[in-house]
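Peer 1: What follows is final_2.tsv; its format and atoms are TSV, C-alpha atoms and all ligand atoms.
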```tsv
chain	number	residue	atom	x	y	z
P	10	MET	CA	152.57	56.26	95.64
P	11	LEU	CA	153.07	53.01	97.56
P	12	GLU	CA	156.66	52.72	96.37
P	13	ARG	CA	157.50	56.20	97.60
P	14	ARG	CA	155.80	55.68	100.93
P	15	ARG	CA	157.65	52.42	101.36
P	16	SER	CA	161.12	53.86	100.86
P	17	GLU	CA	160.28	56.76	103.18
P	18	LEU	CA	159.18	54.36	105.87
P	19	ARG	CA	162.15	52.11	105.36
P	20	ASN	CA	164.51	55.03	105.93
P	21	GLU	CA	162.55	56.11	108.94
P	22	VAL	CA	162.58	52.64	110.49
P	23	LYS	CA	166.30	52.36	109.87
P	24	GLY	CA	166.84	55.74	111.51
P	25	ARG	CA	164.73	54.76	114.51
P	26	ILE	CA	166.57	51.50	114.97
P	27	ARG	CA	169.86	53.38	114.85
P	28	ASP	CA	168.56	55.89	117.42
P	29	ALA	CA	167.38	53.12	119.71
P	30	ARG	CA	170.73	51.40	119.44
P	31	SER	CA	172.71	54.49	120.30
P	32	ALA	CA	170.29	55.18	123.17
P	33	THR	CA	171.03	51.69	124.49
P	34	ASP	CA	174.74	52.36	124.22
P	35	ARG	CA	174.32	55.56	126.22
P	36	ASP	CA	172.35	53.69	128.88
P	37	ARG	CA	175.27	51.41	129.53
P	38	THR	CA	177.50	54.33	130.38
P	39	THR	CA	174.93	56.32	132.39
P	40	GLU	CA	173.33	53.64	134.56
P	41	HIS	CA	172.05	56.10	137.17
P	42	GLU	CA	169.44	57.45	134.74
P	43	GLY	CA	167.88	54.02	134.99
P	44	LEU	CA	164.08	54.10	134.93
P	45	GLU	CA	163.51	57.09	132.71
P	46	SER	CA	165.67	55.86	129.88
P	47	ASP	CA	164.06	52.40	130.15
P	48	VAL	CA	160.69	54.02	129.53
P	49	GLN	CA	162.16	55.99	126.62
P	50	ALA	CA	163.59	52.82	125.12
P	51	ASP	CA	160.19	51.10	125.48
P	52	ILE	CA	158.45	53.96	123.70
P	53	GLN	CA	161.01	53.90	120.92
P	54	LEU	CA	160.64	50.16	120.53
P	55	SER	CA	156.88	50.40	120.17
P	56	VAL	CA	157.30	53.16	117.58
P	57	ILE	CA	159.68	50.91	115.65
P	58	GLN	CA	157.21	48.03	115.96
P	59	LEU	CA	154.45	50.22	114.56
P	60	LYS	CA	156.56	51.39	111.63
P	61	ALA	CA	157.69	47.85	110.89
P	62	ASP	CA	154.04	46.71	110.83
P	63	THR	CA	153.18	49.48	108.39
P	64	LEU	CA	156.13	48.49	106.25
P	65	ARG	CA	154.89	44.89	106.16
P	66	ARG	CA	151.45	46.14	105.13
P	67	ILE	CA	152.97	48.15	102.31
P	68	ASP	CA	155.08	45.17	101.21
P	69	SER	CA	151.99	43.00	101.23
P	70	ALA	CA	150.02	45.59	99.23
P	71	LEU	CA	152.85	45.83	96.68
P	72	ARG	CA	153.01	42.05	96.41
P	73	ARG	CA	149.28	41.96	95.75
P	74	LEU	CA	149.72	44.76	93.22
P	75	GLU	CA	152.29	42.61	91.38
P	76	GLU	CA	150.07	39.55	91.55
P	77	GLY	CA	147.15	41.59	90.25
P	78	THR	CA	145.06	40.87	93.35
P	79	TYR	CA	145.43	44.35	94.84
P	80	GLY	CA	142.08	45.97	95.52
P	81	HIS	CA	140.44	42.61	96.08
P	82	CYS	CA	139.60	41.16	99.46
P	83	ILE	CA	142.00	38.40	100.52
P	84	GLU	CA	139.12	36.56	102.20
P	85	CYS	CA	136.21	36.65	99.76
P	86	GLN	CA	138.04	37.98	96.63
P	87	GLU	CA	135.34	40.63	96.15
P	88	ALA	CA	136.53	44.04	94.95
P	89	ILE	CA	137.22	46.41	97.83
P	90	SER	CA	135.35	49.70	97.41
P	91	LYS	CA	137.25	52.63	95.98
P	92	GLU	CA	136.34	54.75	99.01
P	93	ARG	CA	137.88	52.19	101.34
P	94	LEU	CA	141.08	51.94	99.30
P	95	LEU	CA	141.40	55.71	99.23
P	96	ALA	CA	141.06	55.86	102.99
P	97	LEU	CA	143.18	52.74	103.61
P	98	PRO	CA	145.47	52.09	100.62
P	99	PHE	CA	146.90	48.96	102.27
P	100	ALA	CA	143.54	47.41	103.10
P	101	ALA	CA	143.67	43.67	102.49
P	102	ARG	CA	140.02	42.94	103.21
P	103	CYS	CA	136.64	44.36	102.27
P	104	THR	CA	134.68	46.13	104.98
P	105	GLY	CA	132.52	43.09	105.69
P	106	CYS	CA	135.41	40.64	106.12
P	107	GLN	CA	137.39	43.16	108.16
P	108	GLN	CA	134.49	43.66	110.55
P	109	ALA	CA	133.94	39.93	110.87
P	110	ARG	CA	137.63	39.48	111.63
P	111	GLU	CA	137.68	42.23	114.23
P	112	THR	CA	134.67	40.70	115.92
P	113	THR	CA	136.33	37.27	116.16
P	114	GLN	CA	139.55	38.82	117.42
P	115	ARG	CA	137.66	40.70	120.11
P	116	GLN	CA	135.90	37.54	121.17
P	117	ARG	CA	139.20	35.63	121.18
P	118	SER	CA	140.87	38.24	123.32
P	119	TRP	CA	138.37	37.50	126.09
P	120	VAL	CA	139.41	33.86	126.32
P	121	GLY	CA	143.14	34.30	126.02
P	122	PRO	CA	146.07	36.22	124.59
P	123	ARG	CA	146.05	37.14	120.92
P	124	ARG	CA	147.76	34.67	118.67
P	125	SER	CA	151.14	35.73	117.39
P	126	TYR	CA	151.32	38.22	114.56
P	127	ASP	CA	151.03	36.65	111.13
P	128	PRO	CA	152.48	38.97	108.47
P	129	LEU	CA	150.59	37.14	105.71
P	130	THR	CA	147.16	37.98	107.07
P	131	LEU	CA	147.50	41.66	107.75
P	132	ASP	CA	144.69	43.77	109.05
P	133	VAL	CA	144.40	47.39	108.28
P	201	ZN	ZN	135.75	40.23	101.83
```
Could you write out this file's structure as structure tokens?

Peer 2:
Amino acid sequence: MLERRRSELRNEVKGRIRDARSATDRDRTTEHEGLESDVQADIQLSVIQLKADTLRRIDSALRRLEEGTYGHCIECQEAISKERLLALPFAARCTGCQQARETTQRQRSWVGPRRSYDPLTLDV
């Protein structure tokens, strides 16, 4: 299931990147469209970002599957509940650790910008 989803996403991300590139090429020739195509490009970039994040989550889940740690929390090593894995197949943490992490991130975001994205400690 994960393998299939991954190759689907990979193709989709590739397609999006291609689209964004050709959109950028068009922009160079039709400068007068200016603002609107900038917004379009921004939207496309955030879609690509989102897909790439999902792809990293899938890669991480597959890596854990190979290591035999899939289904176990990366923080406390407890088994993640079946219900949670069904709802979030790429979950890397149990509900408790995830909530604790979200709470700290929320608190951190009040004092300053979020730290840069670390692909090894993925949230779901
Ligand atoms: Zn945990």

Peer 1: For Leu74 in chain P, please output as number ranges by chain all residues within 12 Å (counting only C-alpha atoms; exclusion window: fewer than 4 positions along the same chain).

Peer 2: P: 11-12, 67-70, 78-81, 98-101

Peer 1: Please work out which residues fall within 12 Å of (165.7, 52.4, 108.2), coordinates as given in the file, with only C-alpha atoms counting, and return them as a ChimeraX atom specification.

Peer 2: /P:15-29,57,60-61,64

Peer 1: Counting all atoms listed in the file, what are the residues, protein, DNA or RNA alike, that approach ligand ZN 201 (chain P) to within 6 Å? I want them as a PDB file with C-alpha atoms, in the coordinates of the input.

Peer 2:
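Contents of the output file pocket.pdb:
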```pdb
ATOM      1  CA  CYS P  82     139.600  41.160  99.460  1.00  0.00           C
ATOM      2  CA  GLU P  84     139.120  36.560 102.200  1.00  0.00           C
ATOM      3  CA  CYS P  85     136.210  36.650  99.760  1.00  0.00           C
ATOM      4  CA  GLU P  87     135.340  40.630  96.150  1.00  0.00           C
ATOM      5  CA  ARG P 102     140.020  42.940 103.210  1.00  0.00           C
ATOM      6  CA  CYS P 103     136.640  44.360 102.270  1.00  0.00           C
ATOM      7  CA  GLY P 105     132.520  43.090 105.690  1.00  0.00           C
ATOM      8  CA  CYS P 106     135.410  40.640 106.120  1.00  0.00           C
TER       9      CYS P 106
END
```

Peer 1: Using CA of Leu59 in chain P and CA of Arg14 in chain P as the two end points, give the distance in Å to one decimal.

Peer 2: 14.7 Å

Peer 1: State, in Å with one decimal place, the distance from CA of Ser90 in chain P to CA of Arg110 in chain P.

Peer 2: 17.7 Å

Peer 1: Nearest residue to Leu54 in chain P out of P:Lys91, P:Arg30, P:Arg117, P:Thr112, using all atoms listed in the file?

Peer 2: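 For Leu54 in chain P, the nearest of the given residues is P:Arg30.
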
Peer 1: Ranking P:Ala88, P:Ser55, P:Ala32, P:Gln116 by minimum distance to Thr104 in chain P and counting only C-alpha atoms, which one comes first?

Peer 2: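 Nearest candidate to Thr104 in chain P out of P:Ala88, P:Ser55, P:Ala32, P:Gln116: P:Ala88.
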
Peer 1: Set up a box along x, y and z of the file covering all listed atoms of range 18-32 of chain P, add 5 Å on every one of the six sides, and write the centre and edge lengths in Å to one decimal, as JSON.

Peer 2:
```
{"center_x": 165.9, "center_y": 53.8, "center_z": 114.3, "size_x": 23.5, "size_y": 14.7, "size_z": 27.8}
```

Peer 1: So what do you get for CA of Gln86 in chain P versus CA of Gln58 in chain P, distance-wise?

Peer 2: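 Value for the CA of Gln86 in chain P-CA of Gln58 in chain P distance: 29.0 Å.
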
Peer 1: Which of these, P:Thr63, P:Gly77, P:Arg115, P:Val56, has the shortest distance to Leu97 in chain P once you count all atoms listed in the file?

Peer 2: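 Counting all atoms listed in the file, the residue closest to Leu97 in chain P is P:Thr63.
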